[in-house]
Amino acid sequence: MMMPSSGPARLTPDIDTSVAHSARMWNYWLGGKDNYVADQEAAEQFQAAFPQIAENARAFRAFLGRGVTYLAAEAGIRQFVDVGTGLPTENNTHELAQRVAPECRIVYVDNDPLVLAHARALLVGAPEGATDYLHADLHEPEAIMEAARRILDFEQPVAVILSGILGHVMDDDEARGLVRRLLAPLPSGSHLLVCDGTDTNEELRSAQQEHNDRTPVQYRLRSPEGISSFFEGLDLIAPGVTPCTQWRPEPGAPAPHVDSYGAIGRKP
């Protein structure tokens, strides 16, 4: 069911269609229709400089699908906080988790007003479980987790999902601190899923720098070691930090190299 939105999510903020937003650019690369001219232009300029960006976007989604399925089916997680969820599409976190266990409870978090507008209509889960949406920012970890506590039981393990969001935090220490603060109130057995773009391709680095210079939507590509640093103090689930296409690919499925890395860690 759709739970009442908490805090600032009760009111829909104004949507500025003149400024590109990362959630809407990703929606465009994934073939969605929930984007505006500014988003389309920024996405097309990026894709002209780095044609593989759409493939990377699809790889992100596929990794998320396999990761959430692992968390629900193998790790036994029944509670999820998905921060920076982006616009609803196919195989959203609640659909993946509740396909395994209908009683799963999911809290979505994003700061794009358009995501909020669509979330109210689309993020309707299985009646045995619950879904909620918070209009909030990654830089408010304590507020996010306090609001999430309204429908999640922090005595039981929770999975925190940060897919494609930590790159928007430009400072490494700040990004690691935000991860620690999100995980701090959670019990042993909780998990962290991270997937983000990496600086492993010169063409991508150049395209990202051009984009950062041109728009307010900033994104920091990190090294695979930088991605690994988010899991300090956690037990990495095999195969560890890898290109996201190579994290437990479906048997027989191709696993091409893409310039994004992902992993899941468990809080001891």
# chains A, B, ... in the order shown; residues from 1 in each chain; ligands from 1
$ closest_atom_pairs --of "region 151-263 of chain A" --to "region 104-109 of chain A" --cutoff "10 Å" --atoms "only C-alpha atoms" --output "tab-separated table"
residue	atom	partner	partner_atom	distance
A:Ile151	CA	A:Arg105	CA	7.5
A:Leu152	CA	A:Arg105	CA	6.9
A:Asp153	CA	A:Arg105	CA	9.6
A:Val158	CA	A:Ile106	CA	9.6
A:Ala159	CA	A:Ile106	CA	9.5
A:Val160	CA	A:Val107	CA	9.7
A:Ile161	CA	A:Tyr108	CA	9.5
$ write_last_selection --atoms "C-alpha atoms" --output "tab-separated table (two decimals), in the first residue's frame"
chain	number	residue	atom	x	y	z
A	151	ILE	CA	7.30	2.63	8.88
A	152	LEU	CA	10.48	0.58	9.38
A	153	ASP	CA	11.54	-1.35	12.46
A	158	VAL	CA	17.53	-2.62	6.84
A	159	ALA	CA	19.16	-2.30	3.42
A	160	VAL	CA	20.28	1.19	2.37
A	161	ILE	CA	20.45	1.66	-1.41
$ closest_atom_pairs --of "region 53-146 of chain A" --to "region 184-202 of chain A" --cutoff "8 Å" --atoms "only C-alpha atoms" --output "tab-separated table"
residue	atom	partner	partner_atom	distance
A:Phe60	CA	A:Cys195	CA	6.9
A:Phe63	CA	A:Cys195	CA	7.9
A:Gly67	CA	A:Leu193	CA	7.3
A:Ile77	CA	A:Ser190	CA	7.9
A:Met145	CA	A:Pro185	CA	7.8
$ write_last_selection --atoms "N, CA and C atoms" --output "PDB file, in the first residue's frame"
ATOM      1  N   PHE A  60      23.315   0.091 -14.605  1.00  0.00           N
ATOM      2  CA  PHE A  60      22.951   0.497 -13.251  1.00  0.00           C
ATOM      3  C   PHE A  60      21.644  -0.185 -12.837  1.00  0.00           C
ATOM      4  N   PHE A  63      22.009  -3.945 -12.339  1.00  0.00           N
ATOM      5  CA  PHE A  63      22.697  -4.239 -11.087  1.00  0.00           C
ATOM      6  C   PHE A  63      21.764  -4.054  -9.905  1.00  0.00           C
ATOM      7  N   GLY A  67      20.866  -6.842  -7.251  1.00  0.00           N
ATOM      8  CA  GLY A  67      21.222  -6.572  -5.869  1.00  0.00           C
ATOM      9  C   GLY A  67      20.028  -6.641  -4.928  1.00  0.00           C
ATOM     10  N   ILE A  77      16.495  -9.716   3.749  1.00  0.00           N
ATOM     11  CA  ILE A  77      16.126  -8.347   4.106  1.00  0.00           C
ATOM     12  C   ILE A  77      14.659  -8.094   3.730  1.00  0.00           C
ATOM     13  N   MET A 145      16.530   9.071   8.086  1.00  0.00           N
ATOM     14  CA  MET A 145      16.367   7.849   8.858  1.00  0.00           C
ATOM     15  C   MET A 145      15.310   8.002   9.945  1.00  0.00           C
TER      16      MET A 145
END
$ closest_residue --among "A:Arg220, A:Arg248, A:Lys267, A:His211" --to "Phe46 (chain A)" --atoms "only C-alpha atoms"
A:His211
$ closest_residue --among "A:Glu250, A:Phe50, A:Arg214, A:Val81" --to "Leu138 (chain A)" --atoms "only C-alpha atoms"
A:Val81
$ residues_around --residues "Glu103 (chain A)" --least-positions-apart "6" --cutoff "9 Å" --atoms "only C-alpha atoms" --output "list in words"
Arg78, Ala97, Ala126, Pro127, Glu128, Gly129 and Ala130 of chain A
$ atom_distance --atom1 "CA of Pro243 (chain A)" --atom2 "CA of Ser229 (chain A)"
15.3 Å
$ atom_distance --atom1 "CA of Ile237 (chain A)" --atom2 "CA of Pro141 (chain A)"
24.0 Å
$ select_by_dssp --residues "region 18-60 of chain A" --states "helix (DSSP H, G or I)" --output "list in words"
Ser22, Ala23, Arg24, Met25, Trp26, Asn27, Tyr28, Trp29, Val37, Ala38, Asp39, Gln40, Glu41, Ala42, Ala43, Glu44, Gln45, Phe46, Gln47, Ala48, Ala49, Ile53, Ala54, Glu55, Asn56, Ala57, Arg58, Ala59 and Phe60 of chain A
